[in-house]
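J.: Next up, input07.tsv (TSV, C-alpha atoms (C1' of nucleotides)).
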```
chain	number	residue	atom	x	y	z
J	14	MET	CA	4.46	25.54	3.54
J	15	THR	CA	8.13	25.93	4.33
J	16	GLN	CA	8.68	22.23	4.92
J	17	PRO	CA	7.87	19.57	2.38
J	18	GLN	CA	4.41	18.21	3.11
J	19	THR	CA	5.94	14.77	3.30
J	20	ALA	CA	7.87	13.70	6.36
J	21	PHE	CA	9.67	10.55	5.30
J	22	ARG	CA	10.21	7.63	7.63
J	23	SER	CA	13.88	7.42	6.79
J	24	ARG	CA	16.50	8.46	4.29
J	25	CYS	CA	16.29	5.17	2.44
J	26	SER	CA	15.12	5.75	-1.12
J	27	ILE	CA	13.01	2.63	-1.04
J	28	ALA	CA	11.29	3.65	2.18
J	29	ARG	CA	10.65	7.10	0.74
J	30	THR	CA	9.20	5.75	-2.46
J	31	LEU	CA	6.96	3.44	-0.46
J	32	ASP	CA	5.90	6.32	1.76
J	33	VAL	CA	4.61	8.02	-1.33
J	34	LEU	CA	3.56	5.27	-3.75
J	35	GLY	CA	3.39	2.24	-1.48
J	36	ASP	CA	-0.22	1.19	-1.62
J	37	LYS	CA	-2.44	-0.94	-3.79
J	38	TRP	CA	-3.82	1.82	-6.01
J	39	THR	CA	-1.44	4.64	-6.77
J	40	LEU	CA	0.70	2.84	-9.32
J	41	LEU	CA	-2.37	1.50	-11.06
J	42	VAL	CA	-3.50	5.06	-11.67
J	43	VAL	CA	-0.06	5.84	-13.03
J	44	ARG	CA	-0.24	2.74	-15.22
J	45	ASP	CA	-3.53	3.87	-16.74
J	46	LEU	CA	-2.27	7.36	-17.38
J	47	MET	CA	1.00	6.07	-18.78
J	48	TRP	CA	-0.15	3.32	-21.07
J	49	HIS	CA	-3.87	2.97	-21.37
J	50	GLY	CA	-4.94	6.37	-22.56
J	51	LYS	CA	-7.15	6.98	-19.56
J	52	HIS	CA	-7.16	10.60	-18.60
J	53	THR	CA	-10.49	11.57	-17.08
J	54	PHE	CA	-11.77	10.76	-13.63
J	55	GLN	CA	-14.37	8.51	-15.11
J	56	GLU	CA	-12.02	6.59	-17.33
J	57	LEU	CA	-9.62	6.04	-14.47
J	58	GLN	CA	-12.41	4.89	-12.23
J	59	ALA	CA	-13.70	2.47	-14.84
J	60	SER	CA	-10.49	0.45	-14.90
J	61	GLU	CA	-10.54	-3.26	-14.45
J	62	GLU	CA	-9.69	-3.06	-10.76
J	63	HIS	CA	-12.48	-0.61	-9.87
J	64	ILE	CA	-10.96	1.90	-7.53
J	65	ALA	CA	-13.50	3.70	-5.34
J	66	ALA	CA	-14.18	7.32	-6.23
J	67	ASN	CA	-12.98	8.70	-2.91
J	68	LEU	CA	-9.70	6.84	-3.18
J	69	LEU	CA	-9.15	7.89	-6.77
J	70	SER	CA	-9.83	11.46	-5.79
J	71	GLU	CA	-7.38	11.29	-2.91
J	72	ARG	CA	-4.70	9.56	-4.99
J	73	LEU	CA	-4.97	12.10	-7.79
J	74	LYS	CA	-4.52	14.88	-5.26
J	75	ARG	CA	-1.46	13.21	-3.85
J	76	LEU	CA	0.07	12.62	-7.25
J	77	MET	CA	-0.55	16.27	-8.08
J	78	GLY	CA	1.05	17.31	-4.80
J	79	LEU	CA	4.09	15.29	-5.78
J	80	GLY	CA	4.21	16.90	-9.19
J	81	LEU	CA	3.79	13.59	-10.95
J	82	ILE	CA	0.56	14.53	-12.71
J	83	THR	CA	-1.27	17.68	-13.68
J	84	LYS	CA	-4.94	18.45	-14.03
J	85	GLU	CA	-6.36	20.72	-16.68
J	86	ALA	CA	-9.80	21.60	-17.89
J	87	TYR	CA	-9.95	20.58	-21.53
J	88	GLN	CA	-13.37	22.10	-22.00
J	89	ASP	CA	-15.73	24.54	-20.30
J	90	ARG	CA	-19.47	24.34	-20.26
J	91	PRO	CA	-19.58	21.74	-18.97
J	92	VAL	CA	-16.10	21.80	-17.51
J	93	ARG	CA	-14.27	18.53	-17.94
J	94	TYR	CA	-10.83	17.67	-16.66
J	95	ARG	CA	-7.93	15.74	-18.03
J	96	TYR	CA	-5.15	14.31	-15.89
J	97	THR	CA	-1.75	13.94	-17.48
J	98	LEU	CA	1.61	12.65	-16.32
J	99	THR	CA	4.38	15.18	-15.99
J	100	ASP	CA	7.94	14.30	-17.01
J	101	GLN	CA	8.45	13.31	-13.40
J	102	GLY	CA	5.47	11.04	-13.58
J	103	ARG	CA	6.64	9.49	-16.82
J	104	SER	CA	9.94	8.71	-15.15
J	105	LEU	CA	8.10	5.98	-13.28
J	106	GLU	CA	7.89	3.90	-16.43
J	107	PRO	CA	10.99	1.77	-15.72
J	108	VAL	CA	9.69	1.11	-12.22
J	109	LEU	CA	6.36	-0.01	-13.63
J	110	LEU	CA	8.06	-2.18	-16.22
J	111	GLN	CA	10.18	-3.87	-13.60
J	112	ILE	CA	7.20	-4.54	-11.35
J	113	MET	CA	5.22	-5.82	-14.31
J	114	GLY	CA	8.05	-8.12	-15.34
J	115	TRP	CA	8.25	-9.59	-11.87
J	116	GLY	CA	4.50	-10.06	-11.61
J	117	HIS	CA	4.46	-11.72	-15.01
J	118	VAL	CA	7.12	-14.24	-14.12
J	119	HIS	CA	6.09	-14.92	-10.54
J	120	LEU	CA	2.38	-14.31	-10.40
J	121	GLY	CA	1.33	-15.19	-13.90
J	122	GLY	CA	0.03	-11.77	-14.87
J	123	GLY	CA	-0.02	-10.29	-18.34
J	124	LEU	CA	2.89	-8.60	-20.06
J	125	TYR	CA	2.10	-5.30	-21.68
J	126	ASP	CA	4.32	-3.96	-24.42
J	127	PRO	CA	4.38	-0.16	-24.50
J	128	GLN	CA	5.76	-0.27	-28.05
J	129	THR	CA	2.82	-2.08	-29.55
J	130	GLY	CA	0.27	-1.23	-26.88
J	131	LYS	CA	-0.63	-4.86	-26.65
J	132	THR	CA	-0.60	-7.36	-23.85
J	133	VAL	CA	1.87	-9.87	-25.12
J	134	ALA	CA	1.28	-12.73	-22.77
J	135	GLU	CA	-0.88	-13.82	-19.94
J	136	ALA	CA	1.04	-16.66	-18.45
J	137	GLY	CA	-0.32	-19.53	-16.46
J	138	GLN	CA	-0.41	-19.84	-12.70
J	139	LEU	CA	2.13	-19.54	-9.96
J	140	PRO	CA	5.85	-20.28	-10.41
L	29	MET	CA	-1.92	-26.41	-2.41
L	30	THR	CA	-2.95	-26.49	-6.03
L	31	GLN	CA	-4.36	-23.00	-6.14
L	32	PRO	CA	-2.62	-19.97	-4.78
L	33	GLN	CA	-4.31	-18.71	-1.63
L	34	THR	CA	-4.36	-15.33	-3.27
L	35	ALA	CA	-7.26	-14.23	-5.41
L	36	PHE	CA	-5.91	-11.43	-7.55
L	37	ARG	CA	-7.88	-8.35	-8.43
L	38	SER	CA	-7.08	-8.66	-12.09
L	39	ARG	CA	-4.75	-10.28	-14.56
L	40	CYS	CA	-2.53	-7.23	-14.76
L	41	SER	CA	0.95	-8.08	-13.52
L	42	ILE	CA	1.27	-4.75	-11.81
L	43	ALA	CA	-2.02	-5.17	-9.98
L	44	ARG	CA	-1.00	-8.66	-8.93
L	45	THR	CA	2.36	-7.55	-7.66
L	46	LEU	CA	0.69	-4.77	-5.70
L	47	ASP	CA	-1.84	-7.22	-4.31
L	48	VAL	CA	1.05	-9.11	-2.83
L	49	LEU	CA	3.80	-6.57	-2.12
L	50	GLY	CA	1.91	-3.31	-2.31
L	51	ASP	CA	2.22	-1.85	1.14
L	52	LYS	CA	4.64	0.26	3.09
L	53	TRP	CA	6.55	-2.56	4.79
L	54	THR	CA	6.93	-5.72	2.76
L	55	LEU	CA	9.63	-4.50	0.42
L	56	LEU	CA	11.58	-3.01	3.32
L	57	VAL	CA	11.77	-6.46	4.86
L	58	VAL	CA	12.98	-7.81	1.54
L	59	ARG	CA	15.53	-5.00	1.34
L	60	ASP	CA	16.94	-5.89	4.75
L	61	LEU	CA	17.15	-9.57	3.91
L	62	MET	CA	18.65	-8.85	0.51
L	63	TRP	CA	21.28	-6.27	1.32
L	64	HIS	CA	21.64	-5.51	4.97
L	65	GLY	CA	22.46	-8.89	6.46
L	66	LYS	CA	19.42	-8.83	8.73
L	67	HIS	CA	18.04	-12.30	9.17
L	68	THR	CA	16.47	-12.66	12.59
L	69	PHE	CA	13.15	-11.30	13.77
L	70	GLN	CA	14.94	-8.97	16.08
L	71	GLU	CA	17.34	-7.62	13.50
L	72	LEU	CA	14.53	-7.01	11.06
L	73	GLN	CA	12.49	-5.28	13.70
L	74	ALA	CA	15.39	-3.06	14.69
L	75	SER	CA	15.64	-1.46	11.25
L	76	GLU	CA	15.63	2.25	10.85
L	77	GLU	CA	11.94	2.38	10.02
L	78	HIS	CA	10.80	0.41	13.12
L	79	ILE	CA	8.17	-1.95	11.89
L	80	ALA	CA	5.78	-3.11	14.62
L	81	ALA	CA	6.24	-6.72	15.74
L	82	ASN	CA	2.75	-7.81	14.71
L	83	LEU	CA	3.21	-6.42	11.22
L	84	LEU	CA	6.64	-7.97	10.82
L	85	SER	CA	5.25	-11.29	11.93
L	86	GLU	CA	2.40	-11.07	9.47
L	87	ARG	CA	4.62	-9.94	6.59
L	88	LEU	CA	7.09	-12.74	7.17
L	89	LYS	CA	4.24	-15.23	7.07
L	90	ARG	CA	3.00	-13.79	3.83
L	91	LEU	CA	6.43	-13.81	2.23
L	92	MET	CA	6.82	-17.42	3.29
L	93	GLY	CA	3.43	-18.25	1.84
L	94	LEU	CA	4.59	-16.76	-1.43
L	95	GLY	CA	7.79	-18.77	-1.37
L	96	LEU	CA	9.94	-15.66	-1.34
L	97	ILE	CA	11.62	-16.40	1.97
L	98	THR	CA	12.25	-19.41	4.18
L	99	LYS	CA	12.55	-19.75	7.90
L	100	GLU	CA	14.94	-22.14	9.58
L	101	ALA	CA	16.09	-22.72	13.10
L	102	TYR	CA	19.81	-22.11	13.07
L	103	GLN	CA	20.20	-23.26	16.65
L	104	ASP	CA	18.33	-25.18	19.30
L	105	ARG	CA	18.42	-24.55	22.99
L	106	PRO	CA	17.41	-21.79	22.81
L	107	VAL	CA	15.84	-22.11	19.40
L	108	ARG	CA	16.58	-19.17	17.15
L	109	TYR	CA	15.34	-18.59	13.64
L	110	ARG	CA	16.88	-17.20	10.53
L	111	TYR	CA	14.88	-15.87	7.60
L	112	THR	CA	16.46	-16.12	4.18
L	113	LEU	CA	15.42	-15.11	0.70
L	114	THR	CA	14.75	-17.91	-1.75
L	115	ASP	CA	15.82	-17.57	-5.38
L	116	GLN	CA	12.36	-16.24	-6.02
L	117	GLY	CA	12.85	-13.67	-3.31
L	118	ARG	CA	16.22	-12.65	-4.67
L	119	SER	CA	14.60	-12.09	-8.05
L	120	LEU	CA	13.10	-8.95	-6.54
L	121	GLU	CA	16.48	-7.24	-6.58
L	122	PRO	CA	15.99	-5.44	-9.92
L	123	VAL	CA	12.60	-4.21	-8.69
L	124	LEU	CA	14.18	-2.88	-5.53
L	125	LEU	CA	16.99	-1.24	-7.47
L	126	GLN	CA	14.56	0.48	-9.77
L	127	ILE	CA	12.45	1.76	-6.90
L	128	MET	CA	15.55	2.91	-5.09
L	129	GLY	CA	16.80	4.72	-8.17
L	130	TRP	CA	13.54	6.55	-8.53
L	131	GLY	CA	13.39	7.49	-4.87
L	132	HIS	CA	16.94	8.75	-5.04
L	133	VAL	CA	16.32	11.01	-7.97
L	134	HIS	CA	12.85	12.25	-7.04
L	135	LEU	CA	12.71	12.10	-3.27
L	136	GLY	CA	16.31	12.65	-2.35
L	137	GLY	CA	16.89	9.33	-0.63
L	138	GLY	CA	20.18	7.45	-0.41
L	139	LEU	CA	21.63	5.25	-3.12
L	140	TYR	CA	22.84	1.88	-1.94
L	141	ASP	CA	25.40	-0.01	-3.97
L	142	PRO	CA	25.00	-3.78	-3.58
L	143	GLN	CA	28.52	-4.27	-4.96
L	144	THR	CA	30.28	-2.32	-2.24
L	145	GLY	CA	27.55	-2.53	0.38
L	146	LYS	CA	27.75	1.20	0.81
L	147	THR	CA	25.29	3.99	0.50
L	148	VAL	CA	26.78	6.06	-2.25
L	149	ALA	CA	24.78	9.23	-1.97
L	150	GLU	CA	22.12	10.87	0.09
L	151	ALA	CA	20.87	13.66	-2.08
L	152	GLY	CA	19.17	16.83	-0.98
L	153	GLN	CA	15.49	17.54	-0.54
L	154	LEU	CA	12.37	17.26	-2.61
L	155	PRO	CA	12.17	17.49	-6.45
M	25	DC	C1'	-39.00	24.45	-19.16
M	26	DA	C1'	-39.34	20.18	-16.28
M	27	DG	C1'	-37.02	15.97	-15.84
M	28	DA	C1'	-33.43	12.78	-16.91
M	29	DG	C1'	-28.62	12.27	-17.66
M	30	DT	C1'	-23.48	12.97	-17.30
M	31	DG	C1'	-18.95	13.92	-15.24
M	32	DA	C1'	-16.49	14.89	-11.28
M	33	DC	C1'	-16.38	14.68	-7.17
M	34	DT	C1'	-17.76	14.60	-1.70
M	35	DT	C1'	-19.93	12.61	2.34
M	36	DG	C1'	-21.25	9.01	5.57
M	37	DC	C1'	-20.37	4.99	7.66
M	38	DA	C1'	-19.07	0.11	8.44
M	39	DA	C1'	-15.22	-3.00	7.90
M	40	DT	C1'	-10.43	-3.73	7.65
M	41	DT	C1'	-5.67	-2.60	8.62
M	42	DT	C1'	-2.17	-0.33	11.16
M	43	DG	C1'	0.56	1.09	15.14
M	44	DA	C1'	1.96	1.18	19.84
M	45	DA	C1'	2.33	-1.24	23.93
M	46	DA	C1'	2.00	-4.91	26.84
M	47	DG	C1'	1.94	-9.85	27.46
M	48	DT	C1'	3.54	-14.82	26.75
M	49	DG	C1'	6.57	-18.79	26.61
M	50	DA	C1'	10.81	-21.26	25.96
M	51	DG	C1'	15.20	-21.14	27.37
M	52	DT	C1'	19.75	-19.22	29.37
M	53	DC	C1'	22.71	-17.03	32.82
M	54	DG	C1'	24.35	-15.57	37.42
V	25	DC	C1'	15.29	-18.37	42.04
V	26	DG	C1'	15.14	-14.00	39.47
V	27	DA	C1'	16.53	-11.32	35.61
V	28	DC	C1'	17.09	-11.36	30.83
V	29	DT	C1'	16.71	-12.53	25.65
V	30	DC	C1'	14.37	-13.80	21.49
V	31	DA	C1'	10.38	-14.55	18.96
V	32	DC	C1'	6.31	-13.83	18.81
V	33	DT	C1'	0.93	-12.93	20.10
V	34	DT	C1'	-2.67	-10.17	22.05
V	35	DT	C1'	-5.13	-6.00	22.89
V	36	DC	C1'	-7.09	-1.94	21.56
V	37	DA	C1'	-7.33	2.76	19.68
V	38	DA	C1'	-6.58	5.27	15.50
V	39	DA	C1'	-6.19	5.51	10.59
V	40	DT	C1'	-7.42	3.82	6.09
V	41	DT	C1'	-10.36	1.43	2.89
V	42	DG	C1'	-14.51	0.15	0.47
V	43	DC	C1'	-19.12	0.78	-0.78
V	44	DA	C1'	-23.20	3.43	-1.43
V	45	DA	C1'	-25.42	7.51	-1.74
V	46	DG	C1'	-25.44	12.42	-2.30
V	47	DT	C1'	-24.08	16.97	-4.47
V	48	DC	C1'	-23.25	20.28	-8.06
V	49	DA	C1'	-22.76	22.20	-12.55
V	50	DC	C1'	-24.28	21.74	-16.73
V	51	DT	C1'	-26.58	19.63	-21.02
V	52	DC	C1'	-30.02	17.34	-23.58
V	53	DT	C1'	-34.75	15.55	-24.57
V	54	DG	C1'	-39.67	15.87	-25.01
```
Represent the supplied structure as C-alpha cells.
T.:
Amino acid sequence: MTQPQTAFRSRCSIARTLDVLGDKWTLLVVRDLMWHGKHTFQELQASEEHIAANLLSERLKRLMGLGLITKEAYQDRPVRYRYTLTDQGRSLEPVLLQIMGWGHVHLGGGLYDPQTGKTVAEAGQLP
Amino acid sequence: MTQPQTAFRSRCSIARTLDVLGDKWTLLVVRDLMWHGKHTFQELQASEEHIAANLLSERLKRLMGLGLITKEAYQDRPVRYRYTLTDQGRSLEPVLLQIMGWGHVHLGGGLYDPQTGKTVAEAGQLP
DNA sequence: CAGAGTGACTTGCAATTTGAAAGTGAGTCG
DNA sequence: CGACTCACTTTCAAATTGCAAGTCACTCTG
C-alpha cells in the first residue's frame, strides 16, 4: 500500500492518462455519470453501447481506486447503490468535451450540450 | 470507399472517437508525430514507452485509413519512409492538450509546451 | 409461504488483442 | 562476401474482452 497501485509507463501526462483511462469503455461510464443522470449499475449497463457487466464492474472499481467516483448505498432493504463523480471525476468534463468535439467534426457523431442537456446535432458521415 | 470501414458502436461522438483512438498507444503515436519530431518507424518505436513493432505497424495503418496521417518515401535506395500528420491529424492537438493537462494535474505527469518545445513541469506523485 | 422478480454483481469460458522476440527482405557499406 | 540498418511481418504465450449464465440479498404476488 505504500506505493501507488499504478505504475505508469512513463512520466508523460498523456501516457499516464491513457494508462488509466485509455480504453473503449471507461470514459463512456464517466460520460453517463457526468451528463446522462445514470447512477446505478443497471442504468450504466443499459447505455446505448451495452457494456458487459464484468467490465462495468471492473471499470467502476478502477474509477473508485482513482478517486474519480464514489459509491454509496442510497437505500437499505434492499440495498441499492449510487455511483457519483467526485470533484476529480468532474474535472474530466473538458476532456470529454474536447473528445466529443473532435468526434463530431471528424466522425459525424452527435454534439451534446451540457447546458441544455440536449444533443444539438448529429452530423452526416465522414469528413 | 463510400462508406467508412468502421462501424461505430453508437452515434455518440465520444464513443466514436474511442472506437477509433481509444487504446493505450494510438494517441502516443500522434503525440510523437505532432510534437516530438518523430517521423520514421524507427523513431516512433524508440519512444519512451516502447511500443511493439507489430502494434506500431497496425496503428499506423489505422491512422492512415482514417486519413489522420500519410506515409511517403523520402528517399529511394534504400527506401525510407516518413509519416506525417494531415490537417485532420493535427486537429487532434486540442484533444491531446486537454488530456495532457488532466494527466498533469491528476497523475503528476509532465507538461509539454508546444510553443517552446519544452516540458515545463513534472509534478509530484498521485492526487 | 412458495415462486417469480429485481438489482448488483461474479464466474466461466471462448474469442480477440497485446506484448515480446525472432524472422524477413531490400539495400548499403567495408 | 559478410555485417549492418530500416521497416516491417510472423509467431506464440499471456492478458483482456465479450457473452452467457449463475449467485445472493431482498421484495412482491397469489
J.: How would chain L read as a PDB file with C-alpha atoms, keeping the file's coordinate frame once least-squares superposed on chain J using all paired C-alpha atoms?
T.:
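What landed in result-v5.pdb:
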```pdb
ATOM      1  CA  MET L  29       6.013  25.384  -0.039  1.00  0.00           C
ATOM      2  CA  THR L  30       9.623  25.166   1.004  1.00  0.00           C
ATOM      3  CA  GLN L  31       9.348  21.853   2.772  1.00  0.00           C
ATOM      4  CA  PRO L  32       7.650  18.828   1.349  1.00  0.00           C
ATOM      5  CA  GLN L  33       4.386  18.113   3.138  1.00  0.00           C
ATOM      6  CA  THR L  34       5.637  14.594   3.554  1.00  0.00           C
ATOM      7  CA  ALA L  35       7.653  13.572   6.569  1.00  0.00           C
ATOM      8  CA  PHE L  36       9.460  10.425   5.535  1.00  0.00           C
ATOM      9  CA  ARG L  37       9.998   7.489   7.823  1.00  0.00           C
ATOM     10  CA  SER L  38      13.667   7.302   7.023  1.00  0.00           C
ATOM     11  CA  ARG L  39      16.292   8.383   4.555  1.00  0.00           C
ATOM     12  CA  CYS L  40      16.140   5.114   2.668  1.00  0.00           C
ATOM     13  CA  SER L  41      14.988   5.728  -0.891  1.00  0.00           C
ATOM     14  CA  ILE L  42      12.915   2.595  -0.874  1.00  0.00           C
ATOM     15  CA  ALA L  43      11.158   3.559   2.340  1.00  0.00           C
ATOM     16  CA  ARG L  44      10.500   7.018   0.953  1.00  0.00           C
ATOM     17  CA  THR L  45       9.100   5.711  -2.282  1.00  0.00           C
ATOM     18  CA  LEU L  46       6.848   3.358  -0.345  1.00  0.00           C
ATOM     19  CA  ASP L  47       5.752   6.200   1.904  1.00  0.00           C
ATOM     20  CA  VAL L  48       4.480   7.930  -1.179  1.00  0.00           C
ATOM     21  CA  LEU L  49       3.479   5.211  -3.653  1.00  0.00           C
ATOM     22  CA  GLY L  50       3.311   2.166  -1.431  1.00  0.00           C
ATOM     23  CA  ASP L  51      -0.282   1.077  -1.612  1.00  0.00           C
ATOM     24  CA  LYS L  52      -2.467  -1.044  -3.813  1.00  0.00           C
ATOM     25  CA  TRP L  53      -3.848   1.732  -6.020  1.00  0.00           C
ATOM     26  CA  THR L  54      -1.479   4.588  -6.714  1.00  0.00           C
ATOM     27  CA  LEU L  55       0.698   2.838  -9.253  1.00  0.00           C
ATOM     28  CA  LEU L  56      -2.359   1.485 -11.058  1.00  0.00           C
ATOM     29  CA  VAL L  57      -3.504   5.047 -11.620  1.00  0.00           C
ATOM     30  CA  VAL L  58      -0.059   5.883 -12.940  1.00  0.00           C
ATOM     31  CA  ARG L  59      -0.185   2.817 -15.180  1.00  0.00           C
ATOM     32  CA  ASP L  60      -3.480   3.929 -16.701  1.00  0.00           C
ATOM     33  CA  LEU L  61      -2.235   7.450 -17.289  1.00  0.00           C
ATOM     34  CA  MET L  62       1.057   6.201 -18.680  1.00  0.00           C
ATOM     35  CA  TRP L  63      -0.048   3.467 -21.031  1.00  0.00           C
ATOM     36  CA  HIS L  64      -3.762   3.086 -21.337  1.00  0.00           C
ATOM     37  CA  GLY L  65      -4.867   6.506 -22.517  1.00  0.00           C
ATOM     38  CA  LYS L  66      -7.117   7.020 -19.505  1.00  0.00           C
ATOM     39  CA  HIS L  67      -7.160  10.642 -18.499  1.00  0.00           C
ATOM     40  CA  THR L  68     -10.511  11.545 -17.001  1.00  0.00           C
ATOM     41  CA  PHE L  69     -11.822  10.681 -13.566  1.00  0.00           C
ATOM     42  CA  GLN L  70     -14.386   8.449 -15.119  1.00  0.00           C
ATOM     43  CA  GLU L  71     -11.983   6.575 -17.345  1.00  0.00           C
ATOM     44  CA  LEU L  72      -9.615   5.994 -14.469  1.00  0.00           C
ATOM     45  CA  GLN L  73     -12.423   4.794 -12.279  1.00  0.00           C
ATOM     46  CA  ALA L  74     -13.668   2.406 -14.938  1.00  0.00           C
ATOM     47  CA  SER L  75     -10.430   0.415 -14.993  1.00  0.00           C
ATOM     48  CA  GLU L  76     -10.448  -3.295 -14.592  1.00  0.00           C
ATOM     49  CA  GLU L  77      -9.622  -3.130 -10.903  1.00  0.00           C
ATOM     50  CA  HIS L  78     -12.477  -0.717  -9.998  1.00  0.00           C
ATOM     51  CA  ILE L  79     -10.979   1.753  -7.621  1.00  0.00           C
ATOM     52  CA  ALA L  80     -13.552   3.455  -5.386  1.00  0.00           C
ATOM     53  CA  ALA L  81     -14.262   7.100  -6.229  1.00  0.00           C
ATOM     54  CA  ASN L  82     -13.102   8.428  -2.865  1.00  0.00           C
ATOM     55  CA  LEU L  83      -9.791   6.616  -3.151  1.00  0.00           C
ATOM     56  CA  LEU L  84      -9.235   7.743  -6.721  1.00  0.00           C
ATOM     57  CA  SER L  85      -9.961  11.294  -5.695  1.00  0.00           C
ATOM     58  CA  GLU L  86      -7.528  11.100  -2.819  1.00  0.00           C
ATOM     59  CA  ARG L  87      -4.803   9.429  -4.887  1.00  0.00           C
ATOM     60  CA  LEU L  88      -5.076  12.002  -7.640  1.00  0.00           C
ATOM     61  CA  LYS L  89      -4.686  14.750  -5.066  1.00  0.00           C
ATOM     62  CA  ARG L  90      -1.622  13.095  -3.658  1.00  0.00           C
ATOM     63  CA  LEU L  91      -0.045  12.576  -7.059  1.00  0.00           C
ATOM     64  CA  MET L  92      -0.695  16.221  -7.833  1.00  0.00           C
ATOM     65  CA  GLY L  93       0.853  17.234  -4.537  1.00  0.00           C
ATOM     66  CA  LEU L  94       3.931  15.275  -5.510  1.00  0.00           C
ATOM     67  CA  GLY L  95       4.082  16.932  -8.904  1.00  0.00           C
ATOM     68  CA  LEU L  96       3.695  13.637 -10.716  1.00  0.00           C
ATOM     69  CA  ILE L  97       0.481  14.562 -12.489  1.00  0.00           C
ATOM     70  CA  THR L  98      -1.380  17.718 -13.448  1.00  0.00           C
ATOM     71  CA  LYS L  99      -5.040  18.438 -13.809  1.00  0.00           C
ATOM     72  CA  GLU L 100      -6.452  20.737 -16.449  1.00  0.00           C
ATOM     73  CA  ALA L 101      -9.890  21.583 -17.680  1.00  0.00           C
ATOM     74  CA  TYR L 102      -9.945  20.587 -21.315  1.00  0.00           C
ATOM     75  CA  GLN L 103     -13.375  22.083 -21.850  1.00  0.00           C
ATOM     76  CA  ASP L 104     -15.785  24.472 -20.211  1.00  0.00           C
ATOM     77  CA  ARG L 105     -19.523  24.253 -20.262  1.00  0.00           C
ATOM     78  CA  PRO L 106     -19.649  21.611 -18.968  1.00  0.00           C
ATOM     79  CA  VAL L 107     -16.218  21.711 -17.414  1.00  0.00           C
ATOM     80  CA  ARG L 108     -14.314  18.476 -17.826  1.00  0.00           C
ATOM     81  CA  TYR L 109     -10.886  17.641 -16.506  1.00  0.00           C
ATOM     82  CA  ARG L 110      -7.958  15.758 -17.868  1.00  0.00           C
ATOM     83  CA  TYR L 111      -5.186  14.326 -15.718  1.00  0.00           C
ATOM     84  CA  THR L 112      -1.767  14.025 -17.290  1.00  0.00           C
ATOM     85  CA  LEU L 113       1.583  12.747 -16.124  1.00  0.00           C
ATOM     86  CA  THR L 114       4.334  15.310 -15.732  1.00  0.00           C
ATOM     87  CA  ASP L 115       7.898  14.457 -16.734  1.00  0.00           C
ATOM     88  CA  GLN L 116       8.400  13.433 -13.149  1.00  0.00           C
ATOM     89  CA  GLY L 117       5.417  11.145 -13.387  1.00  0.00           C
ATOM     90  CA  ARG L 118       6.640   9.632 -16.622  1.00  0.00           C
ATOM     91  CA  SER L 119       9.943   8.871 -14.927  1.00  0.00           C
ATOM     92  CA  LEU L 120       8.098   6.094 -13.118  1.00  0.00           C
ATOM     93  CA  GLU L 121       7.931   4.045 -16.300  1.00  0.00           C
ATOM     94  CA  PRO L 122      11.051   1.944 -15.599  1.00  0.00           C
ATOM     95  CA  VAL L 123       9.706   1.222 -12.108  1.00  0.00           C
ATOM     96  CA  LEU L 124       6.410   0.095 -13.564  1.00  0.00           C
ATOM     97  CA  LEU L 125       8.142  -2.037 -16.172  1.00  0.00           C
ATOM     98  CA  GLN L 126      10.245  -3.739 -13.559  1.00  0.00           C
ATOM     99  CA  ILE L 127       7.259  -4.462 -11.348  1.00  0.00           C
ATOM    100  CA  MET L 128       5.318  -5.721 -14.324  1.00  0.00           C
ATOM    101  CA  GLY L 129       8.171  -7.985 -15.355  1.00  0.00           C
ATOM    102  CA  TRP L 130       8.338  -9.492 -11.918  1.00  0.00           C
ATOM    103  CA  GLY L 131       4.596  -9.996 -11.698  1.00  0.00           C
ATOM    104  CA  HIS L 132       4.609 -11.632 -15.095  1.00  0.00           C
ATOM    105  CA  VAL L 133       7.270 -14.128 -14.220  1.00  0.00           C
ATOM    106  CA  HIS L 134       6.222 -14.885 -10.647  1.00  0.00           C
ATOM    107  CA  LEU L 135       2.493 -14.301 -10.552  1.00  0.00           C
ATOM    108  CA  GLY L 136       1.502 -15.119 -14.081  1.00  0.00           C
ATOM    109  CA  GLY L 137       0.162 -11.707 -15.018  1.00  0.00           C
ATOM    110  CA  GLY L 138       0.140 -10.169 -18.488  1.00  0.00           C
ATOM    111  CA  LEU L 139       3.073  -8.450 -20.140  1.00  0.00           C
ATOM    112  CA  TYR L 140       2.272  -5.115 -21.705  1.00  0.00           C
ATOM    113  CA  ASP L 141       4.490  -3.743 -24.434  1.00  0.00           C
ATOM    114  CA  PRO L 142       4.526   0.068 -24.433  1.00  0.00           C
ATOM    115  CA  GLN L 143       5.937   0.029 -27.975  1.00  0.00           C
ATOM    116  CA  THR L 144       3.009  -1.778 -29.541  1.00  0.00           C
ATOM    117  CA  GLY L 145       0.440  -0.992 -26.868  1.00  0.00           C
ATOM    118  CA  LYS L 146      -0.405  -4.651 -26.680  1.00  0.00           C
ATOM    119  CA  THR L 147      -0.399  -7.184 -23.939  1.00  0.00           C
ATOM    120  CA  VAL L 148       2.096  -9.693 -25.184  1.00  0.00           C
ATOM    121  CA  ALA L 149       1.471 -12.585 -22.865  1.00  0.00           C
ATOM    122  CA  GLU L 150      -0.748 -13.697 -20.063  1.00  0.00           C
ATOM    123  CA  ALA L 151       1.101 -16.565 -18.512  1.00  0.00           C
ATOM    124  CA  GLY L 152      -0.339 -19.397 -16.498  1.00  0.00           C
ATOM    125  CA  GLN L 153      -0.840 -19.663 -12.767  1.00  0.00           C
ATOM    126  CA  LEU L 154       1.261 -19.291  -9.678  1.00  0.00           C
ATOM    127  CA  PRO L 155       5.052 -19.926  -9.427  1.00  0.00           C
TER     128      PRO L 155
END
```
J.: Could you work out an axis-aligned box for region 60-73 of chain J, taking every atom the file lists and adding 3 Å on each side, and report centre and edge lengths in Å to one decimal, as lines of an AutoDock Vina configuration file?
T.:
```
center_x = -9.4
center_y = 4.4
center_z = -8.9
size_x = 15.5
size_y = 21.4
size_z = 18.0
```
J.: If you take all atoms listed in the file and a cut-off of 8 Å, which residues of chain V touch region 26-48 of chain M, and what are their nearest atom pairs and distances in Å to one decimal, in chain and number order, as a Markdown table?
T.:
```
| residue | atom | partner | partner_atom | distance |
| --- | --- | --- | --- | --- |
| V:DT33 | C1' | M:DT48 | C1' | 7.4 |
| V:DT34 | C1' | M:DG47 | C1' | 7.1 |
| V:DA39 | C1' | M:DT42 | C1' | 7.1 |
| V:DT40 | C1' | M:DT41 | C1' | 7.1 |
| V:DT41 | C1' | M:DT40 | C1' | 7.0 |
| V:DG46 | C1' | M:DT35 | C1' | 7.2 |
| V:DT47 | C1' | M:DT34 | C1' | 7.3 |
| V:DC52 | C1' | M:DG29 | C1' | 7.9 |
```
